[in-house]
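A.B. asks: Below is a structure I'd like to ask you about.
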Amino acid sequence: MRIKGNPERWDCCPRVKRGGSHKLFLQVTWIACALALAGCTAKHYRRSADKEAYRLIEQKTPLVTNMEPQFTIEQTDQINLEGLPEAKGTNDFIGEAAQAEIGAKILSLDKALELAVRHSRTYQTSKEQLYLAALSLSLARHQFTPIFSAGGTATYSVQTTPRGTSTNAVGDVVIHQNDHFSESRPFQSGTSIGVEWLIRDIGKISAAFTTDFIRYISGDPRSVMSSEIGATFTRPLLRDAGFKADIENLTQAERDLLYEVRNFVRFRKDFSVQIASAYYGVLGFRDEAQNNFLNFQSSHKAGDRTRDLAAEGRTTQTDLGRIEQQELSAESAWVNAVRSYQRSLDDFKIQIGIPVDSKIVLDDKELQQLKIHHPKINVDDAIRIALAARLDYQNARNGQEDSVRKVVLAADRLKPQLDFVAHGALDSPKKGRGLTFPELANYNWDVGATVDLPLERKAERNAYRAALIAQEQARRNADLQRDQIELQIRESWRTLEQAKRNYEINEIGVKLAERRVEEQELLAEFGRAKALDQVDAQNALLSSKVQLTQALVAHTIARLQFWDNMGILYIKHDGQWEDMEEPTHSASAARTDETRAFSLQVPRLKDKIATTAAPTK
């Protein structure tokens, strides 16, 4: 860069190092910057954020029952299926896909839940939402700690003025360059180290240490250095007294993290029920494909028999056509059922977070081991327990309390602003060389107050009215949440009763349909069976078998959903749940004041819960 002026007086910036004190100052500054850049890397900040966020979540964990232990958002993409049993034989009812199942890993429900907890995208998103709430709290808490800052400025400038004109430079230095113009080249630098501390119920303290340095490069090489240390204390007396807005931000951040912990625990319960529902749903589609295959085989057998009878003239072509149409319909239904099973299996892989091309099959034994465990508890008791244990209802009630505080804060903003302000400082004498520090003899201080009369408060007025409306909305939301919980309990209980009765009906229906099919087969052997009766009997057997499995699965899912709606489904670290019959649940039922009512209900509830084991399919 070229600087206009007298060529004889041109200089360059490095010559500012002539002063020993300034040279030392620059060296110290560069060393400090280098150390700061070397020590505060992006990886350091990430580790620091993780450490603080996990610590905050750990502090809230004892306040919420069944929170996931050792919470972390770290996730690995390595999916380990080693050690799982492999499918050995083939299943003809899968059709062409049967060969691909050989060697596939057999996935139990417990293993599926474990994989879902580790690799599900939805589960990971919920964990990250909780982590972000912890970060917000860390920032809110940080506002009430001493906050340090440091920085500096450096400016090199060139100024020319007509000869004889006085400048406003420090020390009134006028540098004559030639007969017509004068030129000055000051180098200015300054540093500042400060701290701000917002002390709850006391006030805000701001302190800073500053240094200023000015040196003229051309002409009179005069330099001036000075420094100051000062502090300011501010305390609102009317509006925002005690920094209510800042304290409210901290209070809300604390409560928001607690709410997010509750939401995450609630999510874990819902998530396990969803995975179990999807798992049994896939097995249900698989069972439906198997039943349709058996129906197709039976229809094909009936078709062959009827064709033989038609060839002998022992049946009509109309009956033969009806049987052959049944055979084609059975084959079509089987093909469609196989496709539905394959699609549901692929959807399940995505749901638990494993690649779609993973070779897995679900364990048929999980479906075979299902039984009807019907809880015997009246609806009123279930509702009372749910209102004590449901975490989302606790959030709704606490949200109503938050709205009350917001109204008080909004009303406070309508007051006039009156702040007490005090300031004090120590100055140093100005020196031409060497470091200079503030001296006790050079002090100054002042105290005063600032006033802002409430002549214009339309925005604050609107905010206050909005806060009152939000308070009413929060109250209605809590009432609505209570009614919805009662509705969920009643509806899930009806679903349980319906699934239980459907299972009993279809169990009888399967036996009746089997007898009808056996009878039609005997009549067909003697050529006395009617095609319409054969088709009806075969369809009735298929429908009863499919509905029996669906009713069994529906009752199992409804039972889990019933415990979940009551808020007492206890989830282990791997996503599995503890059955209500296990005593460990009552021992760990309620760890907070909000669920102590539930902990008192559980022992009585245990006496009322009974199970009736129905015959398996």
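We label chains A, B, ... in the order they appear in the structure tokens, count residues from 1 in each chain, and number ligands from 1 in the order shown.
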Would you write out, as JSON lines, a table of all residues in stretch 229-289 of chain A that have an atom no more than 10 Å from an atom of stretch 567-581 of chain A, listing for each the closest atom pair and the distance in Å to one decimal, considering only C-alpha atoms and ordering rows by chain and rising residue number?

C.D. replies:
{"residue": "A:Val265", "atom": "CA", "partner": "A:Ile571", "partner_atom": "CA", "distance": 8.7}
{"residue": "A:Arg266", "atom": "CA", "partner": "A:Gly567", "partner_atom": "CA", "distance": 8.0}
{"residue": "A:Arg268", "atom": "CA", "partner": "A:Ile571", "partner_atom": "CA", "distance": 7.1}
{"residue": "A:Lys269", "atom": "CA", "partner": "A:Ile571", "partner_atom": "CA", "distance": 6.3}
{"residue": "A:Asp270", "atom": "CA", "partner": "A:Leu569", "partner_atom": "CA", "distance": 9.3}
{"residue": "A:Phe271", "atom": "CA", "partner": "A:Gly575", "partner_atom": "CA", "distance": 8.3}
{"residue": "A:Ser272", "atom": "CA", "partner": "A:Gly575", "partner_atom": "CA", "distance": 5.9}
{"residue": "A:Val273", "atom": "CA", "partner": "A:Trp577", "partner_atom": "CA", "distance": 9.0}
{"residue": "A:Ile275", "atom": "CA", "partner": "A:Gly575", "partner_atom": "CA", "distance": 9.3}
{"residue": "A:Ala276", "atom": "CA", "partner": "A:Gln576", "partner_atom": "CA", "distance": 9.3}

A.B. asks: Give me the residues within 7 Å of A:Asp419 as JSON, numbers by chain, counting only C-alpha atoms and dropping any in the same chain fewer than 4 places off.

C.D. replies: {"A": [234, 235, 236, 237, 449, 450, 451]}

A.B. asks: For A:Pro146, list every protein, DNA or RNA residue within 10 Å, evaluated using only C-alpha atoms, and leave out those in the same chain fewer than 3 positions away; present the list as a ChimeraX atom specification.

C.D. replies: /A:142-143,149,194-199,205-206

A.B. asks: Just checking: using only C-alpha atoms, which residue out of A:Leu320, A:Leu362, A:Glu248, A:Ala333 ends up closest to A:Ser403?

C.D. replies: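 Checking each candidate against A:Ser403, we get A:Glu248 as the closest.
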
A.B. asks: A:Ala558: which residues within 10 Å, counting only C-alpha atoms, same-chain residues fewer than 3 positions away excluded, as a PyMOL selection string?

C.D. replies: chain A and resi 273+277+374+491-500+552-555+561-564

A.B. asks: Do a neighbour search on stretch 128-137 of chain A at 6 Å with only C-alpha atoms, toss out local chain neighbours closer than 5 positions, and write the hits as a list in words.

C.D. replies: Ala53, Ala253, Leu257 and Glu260 of chain A

A.B. asks: Counting only C-alpha atoms, what is within 10 Å of A:Ala411, bar same-chain residues fewer than 5 positions away, as a list of chain:residue names?

C.D. replies: A:Arg239, A:Arg405, A:Lys406, A:Glu460, A:Arg461, A:Ala463, A:Tyr464, A:Arg465, A:Ala467, A:Leu468

A.B. asks: Output C-alpha atoms for every residue in the selection just made, as a short mmCIF file (atom, residue, chain, number, x, y, z; two decimals), in the first residue's frame.

C.D. replies:
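Ended up saving to part_5.cif:
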data_model
loop_
_atom_site.label_atom_id
_atom_site.label_comp_id
_atom_site.auth_asym_id
_atom_site.auth_seq_id
_atom_site.Cartn_x
_atom_site.Cartn_y
_atom_site.Cartn_z
CA ARG A 239 -39.44 -2.44 36.79
CA ARG A 405 -45.44 -16.57 36.60
CA LYS A 406 -45.54 -15.15 33.09
CA GLU A 460 -46.12 -4.07 27.31
CA ARG A 461 -49.90 -3.69 27.63
CA ALA A 463 -47.95 -8.54 26.20
CA TYR A 464 -49.72 -8.47 29.56
CA ARG A 465 -53.10 -9.15 27.99
CA ALA A 467 -50.10 -13.46 29.09
CA LEU A 468 -53.55 -13.49 30.71
#

A.B. asks: Please return as a list in words: the residues of stretch 218-398 of chain A that backbone DSSP assigns to strand (DSSP E or B).

C.D. replies: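 Residues meeting the strand (DSSP E or B) criterion: Ser223, Val224, Met225, Ser226, Ser227, Glu228, Ile229, Gly230, Ala231, Thr232, Phe233, Thr234, Arg235, Pro236, Ile360, Val361 and Leu362 of chain A.
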
A.B. asks: Atoms to include: N, CA and C atoms. Write the selected residues as a PDB file, in the first residue's frame.

C.D. replies:
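Final output, saved to out32.pdb:
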ATOM      1  N   SER A 223       5.083   9.432  22.201  1.00  0.00           N
ATOM      2  CA  SER A 223       4.140   8.342  22.493  1.00  0.00           C
ATOM      3  C   SER A 223       3.485   8.624  23.836  1.00  0.00           C
ATOM      4  N   VAL A 224       2.223   8.157  23.956  1.00  0.00           N
ATOM      5  CA  VAL A 224       1.446   8.358  25.170  1.00  0.00           C
ATOM      6  C   VAL A 224       0.777   7.031  25.523  1.00  0.00           C
ATOM      7  N   MET A 225       0.893   6.613  26.765  1.00  0.00           N
ATOM      8  CA  MET A 225       0.253   5.383  27.224  1.00  0.00           C
ATOM      9  C   MET A 225      -0.510   5.693  28.496  1.00  0.00           C
ATOM     10  N   SER A 226      -1.723   5.117  28.602  1.00  0.00           N
ATOM     11  CA  SER A 226      -2.543   5.292  29.794  1.00  0.00           C
ATOM     12  C   SER A 226      -3.364   4.027  30.006  1.00  0.00           C
ATOM     13  N   SER A 227      -3.877   3.863  31.199  1.00  0.00           N
ATOM     14  CA  SER A 227      -4.701   2.696  31.524  1.00  0.00           C
ATOM     15  C   SER A 227      -5.740   3.107  32.567  1.00  0.00           C
ATOM     16  N   GLU A 228      -6.788   2.265  32.668  1.00  0.00           N
ATOM     17  CA  GLU A 228      -7.867   2.555  33.620  1.00  0.00           C
ATOM     18  C   GLU A 228      -8.501   1.247  34.057  1.00  0.00           C
ATOM     19  N   ILE A 229      -8.888   1.202  35.290  1.00  0.00           N
ATOM     20  CA  ILE A 229      -9.676   0.103  35.800  1.00  0.00           C
ATOM     21  C   ILE A 229     -10.930   0.685  36.431  1.00  0.00           C
ATOM     22  N   GLY A 230     -12.103   0.170  35.988  1.00  0.00           N
ATOM     23  CA  GLY A 230     -13.349   0.736  36.469  1.00  0.00           C
ATOM     24  C   GLY A 230     -14.401  -0.338  36.662  1.00  0.00           C
ATOM     25  N   ALA A 231     -15.413  -0.008  37.426  1.00  0.00           N
ATOM     26  CA  ALA A 231     -16.499  -0.944  37.706  1.00  0.00           C
ATOM     27  C   ALA A 231     -17.807  -0.170  37.782  1.00  0.00           C
ATOM     28  N   THR A 232     -18.893  -0.838  37.316  1.00  0.00           N
ATOM     29  CA  THR A 232     -20.225  -0.238  37.342  1.00  0.00           C
ATOM     30  C   THR A 232     -21.197  -1.236  37.990  1.00  0.00           C
ATOM     31  N   PHE A 233     -22.011  -0.730  38.893  1.00  0.00           N
ATOM     32  CA  PHE A 233     -23.019  -1.548  39.566  1.00  0.00           C
ATOM     33  C   PHE A 233     -24.399  -1.010  39.193  1.00  0.00           C
ATOM     34  N   THR A 234     -25.266  -1.928  38.742  1.00  0.00           N
ATOM     35  CA  THR A 234     -26.619  -1.536  38.331  1.00  0.00           C
ATOM     36  C   THR A 234     -27.630  -2.424  39.046  1.00  0.00           C
ATOM     37  N   ARG A 235     -28.671  -1.773  39.583  1.00  0.00           N
ATOM     38  CA  ARG A 235     -29.745  -2.532  40.233  1.00  0.00           C
ATOM     39  C   ARG A 235     -31.079  -1.863  39.932  1.00  0.00           C
ATOM     40  N   PRO A 236     -31.970  -2.576  39.199  1.00  0.00           N
ATOM     41  CA  PRO A 236     -33.316  -2.031  38.992  1.00  0.00           C
ATOM     42  C   PRO A 236     -34.091  -2.000  40.308  1.00  0.00           C
ATOM     43  N   ILE A 360     -32.915 -60.850   7.684  1.00  0.00           N
ATOM     44  CA  ILE A 360     -33.440 -61.225   8.998  1.00  0.00           C
ATOM     45  C   ILE A 360     -34.829 -61.818   8.818  1.00  0.00           C
ATOM     46  N   VAL A 361     -35.216 -62.643   9.747  1.00  0.00           N
ATOM     47  CA  VAL A 361     -36.593 -63.119   9.873  1.00  0.00           C
ATOM     48  C   VAL A 361     -36.974 -62.991  11.339  1.00  0.00           C
ATOM     49  N   LEU A 362     -38.230 -62.752  11.591  1.00  0.00           N
ATOM     50  CA  LEU A 362     -38.693 -62.639  12.963  1.00  0.00           C
ATOM     51  C   LEU A 362     -39.022 -64.019  13.509  1.00  0.00           C
TER      52      LEU A 362
END

A.B. asks: Neighbouring residues of A:Leu109 were defined as those with any atom within 7 Å, considering only C-alpha atoms; residues of the same chain fewer than 3 positions away were excluded. Please report them as a list in words.

C.D. replies: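 Answer for this query is Ala112, Leu113 and Tyr279 of chain A.
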
A.B. asks: Put those residues in a file: C-alpha atoms, as a short mmCIF file (atom, residue, chain, number, x, y, z; two decimals), in the first residue's frame.

C.D. replies:
data_model
loop_
_atom_site.label_atom_id
_atom_site.label_comp_id
_atom_site.auth_asym_id
_atom_site.auth_seq_id
_atom_site.Cartn_x
_atom_site.Cartn_y
_atom_site.Cartn_z
CA ALA A 112 -35.42 -56.07 18.02
CA LEU A 113 -36.09 -53.68 20.91
CA TYR A 279 -43.05 -56.77 15.46
#

A.B. asks: Just to confirm, what's the straight-line distance from atom CA of A:Arg528 to atom CA of A:Phe296 in Å (one decimal)?

C.D. replies: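 Computing the Euclidean distance for atom CA of A:Arg528 and atom CA of A:Phe296 yields 22.0 Å.
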
A.B. asks: Hey, which of A:Leu84, A:Leu283, A:Ile102, A:Leu56 ends up closest to A:Gln550? Count only C-alpha atoms.

C.D. replies: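 Residue with the minimum atom-to-atom distance to A:Gln550: A:Leu283.
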
A.B. asks: According to DSSP computed on the backbone, where in stretch 305-482 of chain A is there helix (DSSP H, G or I)? Give the residues as a tab-separated table (two decimals) with C-alpha atoms, in the first residue's frame.

C.D. replies:
chain	number	residue	atom	x	y	z
A	305	ARG	CA	-60.70	-84.01	-6.77
A	306	THR	CA	-63.55	-82.15	-8.43
A	307	ARG	CA	-61.89	-82.39	-11.84
A	308	ASP	CA	-61.61	-86.14	-11.41
A	309	LEU	CA	-65.29	-86.33	-10.47
A	310	ALA	CA	-66.23	-84.16	-13.44
A	311	ALA	CA	-64.27	-86.44	-15.75
A	317	GLN	CA	-69.50	-78.22	-14.79
A	318	THR	CA	-71.01	-75.43	-12.71
A	319	ASP	CA	-69.65	-76.94	-9.50
A	320	LEU	CA	-66.31	-77.55	-11.17
A	321	GLY	CA	-66.12	-73.92	-12.30
A	322	ARG	CA	-66.96	-72.69	-8.83
A	323	ILE	CA	-64.23	-74.85	-7.28
A	324	GLU	CA	-61.68	-73.69	-9.86
A	325	GLN	CA	-62.60	-70.04	-9.25
A	326	GLN	CA	-62.06	-70.66	-5.53
A	327	GLU	CA	-58.66	-72.14	-6.34
A	328	LEU	CA	-57.66	-69.06	-8.35
A	329	SER	CA	-58.94	-66.70	-5.65
A	330	ALA	CA	-57.01	-68.61	-2.99
A	331	GLU	CA	-53.82	-68.38	-5.03
A	332	SER	CA	-54.30	-64.65	-5.58
A	333	ALA	CA	-54.93	-64.06	-1.87
A	334	TRP	CA	-51.78	-66.04	-1.03
A	335	VAL	CA	-49.63	-64.01	-3.46
A	336	ASN	CA	-51.00	-60.76	-2.03
A	337	ALA	CA	-50.43	-61.96	1.56
A	338	VAL	CA	-46.77	-62.81	0.79
A	339	ARG	CA	-46.24	-59.37	-0.69
A	340	SER	CA	-47.84	-57.69	2.34
A	341	TYR	CA	-45.57	-59.69	4.64
A	342	GLN	CA	-42.44	-58.74	2.72
A	343	ARG	CA	-43.41	-55.06	2.71
A	344	SER	CA	-44.19	-55.07	6.44
A	345	LEU	CA	-40.81	-56.72	7.16
A	346	ASP	CA	-38.97	-54.04	5.15
A	347	ASP	CA	-40.91	-51.29	6.95
A	348	PHE	CA	-39.96	-52.85	10.27
A	349	LYS	CA	-36.27	-52.83	9.34
A	350	ILE	CA	-36.47	-49.11	8.67
A	351	GLN	CA	-38.37	-48.55	11.90
A	352	ILE	CA	-35.66	-50.17	14.05
A	364	ASP	CA	-42.30	-67.37	15.00
A	365	LYS	CA	-42.03	-68.57	18.59
A	366	GLU	CA	-42.84	-65.06	19.81
A	367	LEU	CA	-46.29	-65.39	18.27
A	368	GLN	CA	-46.78	-68.93	19.49
A	379	VAL	CA	-61.63	-48.36	35.18
A	380	ASP	CA	-61.97	-45.83	38.01
A	381	ASP	CA	-58.87	-47.15	39.78
A	382	ALA	CA	-56.96	-47.13	36.51
A	383	ILE	CA	-57.90	-43.48	35.91
A	384	ARG	CA	-56.77	-42.42	39.39
A	385	ILE	CA	-53.42	-44.14	38.91
A	386	ALA	CA	-52.97	-42.56	35.47
A	387	LEU	CA	-53.61	-39.04	36.79
A	388	ALA	CA	-50.89	-39.59	39.40
A	389	ALA	CA	-48.35	-41.30	37.15
A	391	LEU	CA	-45.72	-37.59	32.94
A	392	ASP	CA	-47.41	-35.60	30.20
A	393	TYR	CA	-50.18	-34.65	32.63
A	394	GLN	CA	-47.56	-33.48	35.12
A	395	ASN	CA	-46.10	-31.28	32.37
A	396	ALA	CA	-49.53	-29.84	31.62
A	397	ARG	CA	-50.10	-28.96	35.29
A	398	ASN	CA	-46.64	-27.44	35.60
A	399	GLY	CA	-47.24	-25.48	32.41
A	400	GLN	CA	-50.23	-23.92	34.10
A	401	GLU	CA	-47.94	-22.81	36.94
A	402	ASP	CA	-45.54	-21.34	34.39
A	403	SER	CA	-48.32	-19.26	32.87
A	404	VAL	CA	-49.06	-17.72	36.28
A	405	ARG	CA	-45.44	-16.57	36.60
A	406	LYS	CA	-45.54	-15.15	33.09
A	407	VAL	CA	-48.54	-13.01	34.03
A	408	VAL	CA	-46.71	-11.61	37.07
A	409	LEU	CA	-43.67	-10.82	34.93
A	410	ALA	CA	-45.77	-9.14	32.24
A	411	ALA	CA	-47.47	-6.98	34.88
A	412	ASP	CA	-44.07	-5.97	36.23
A	458	LYS	CA	-48.61	-0.26	24.40
A	459	ALA	CA	-46.32	-3.19	23.61
A	460	GLU	CA	-46.12	-4.07	27.31
A	461	ARG	CA	-49.90	-3.69	27.63
A	462	ASN	CA	-50.48	-6.10	24.76
A	463	ALA	CA	-47.95	-8.54	26.20
A	464	TYR	CA	-49.72	-8.47	29.56
A	465	ARG	CA	-53.10	-9.15	27.99
A	466	ALA	CA	-51.59	-11.96	25.91
A	467	ALA	CA	-50.10	-13.46	29.09
A	468	LEU	CA	-53.55	-13.49	30.71
A	469	ILE	CA	-54.96	-15.29	27.67
A	470	ALA	CA	-52.07	-17.76	27.72
A	471	GLN	CA	-52.84	-18.45	31.39
A	472	GLU	CA	-56.42	-19.34	30.53
A	473	GLN	CA	-55.24	-21.49	27.65
A	474	ALA	CA	-52.84	-23.34	29.94
A	475	ARG	CA	-55.67	-23.99	32.40
A	476	ARG	CA	-57.90	-25.33	29.64
A	477	ASN	CA	-55.05	-27.42	28.28
A	478	ALA	CA	-54.55	-29.06	31.68
A	479	ASP	CA	-58.28	-29.78	31.93
A	480	LEU	CA	-58.29	-31.15	28.39
A	481	GLN	CA	-55.28	-33.33	29.17
A	482	ARG	CA	-57.09	-34.76	32.16

A.B. asks: For a quick check of understanding, using only C-alpha atoms, which of A:Lys371, A:Arg141, A:Arg255, A:His119 has the smallest distance to A:Glu504?

C.D. replies: A:Lys371

A.B. asks: Restricting the calculation to only C-alpha atoms, which member of A:Glu518, A:Glu74, A:Asp363, A:Glu58 is positioned closest to A:Ser298?

C.D. replies: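 Among A:Glu518, A:Glu74, A:Asp363, A:Glu58, it is A:Glu518 that comes nearest to A:Ser298.
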